[in-house]
Amino acid sequence: MKKITIEGMSCEHCVAHVKEALEGLGATNVNVSLEGGCAECETDKPDADIKAAIEDEGYDVIKIEG
């Protein structure tokens with residue numbers, strides 16, 4: 001399980017964009033929390049790919065754990 005700390009999400013549309021970006025990488029069990037400013041998912045993709053996919057949507061990745 002990866003935990004991704006994200007800045008810049010301000011509404012449910014932002015949550016949907018981040019979720020779609022992660023699912024587009026093939027991630028499963030994707031859970032994005034607007035209140036927590038984070039996302040969790042199962043993926044074997046490199047952290048750089050995860051960061052790029054989210055930042056391409058216009059959000060800032062602060063940290064990736066897991």
# chains A, B, ... in the order shown; residues from 1 in each chain; ligands from 1
$ residues_around --residues "Lys3 of chain A" --least-positions-apart "6" --cutoff "9 Å" --atoms "only C-alpha atoms" --output "list in words"
Cys38, Ala39, Glu40, Cys41, Lys63, Ile64, Glu65 and Gly66 of chain A
$ residues_around --residues "Ile50 of chain A" --least-positions-apart "2" --cutoff "9 Å" --atoms "only C-alpha atoms" --output "list in words"
Ile4, Ala21, Leu22, Leu25, Lys45, Pro46, Asp47, Ala48, Ala52, Ala53, Ile54, Glu55, Val61 and Ile64 of chain A
$ select_by_dssp --residues "chain A" --states "strand (DSSP E)" --output "PyMOL selection string"
chain A and resi 2-7+28-33+38-42+60-65
$ closest_residue --among "A:Val18, A:Cys11, A:Ile62, A:Met1" --to "Glu35 of chain A" --atoms "only C-alpha atoms"
A:Cys11
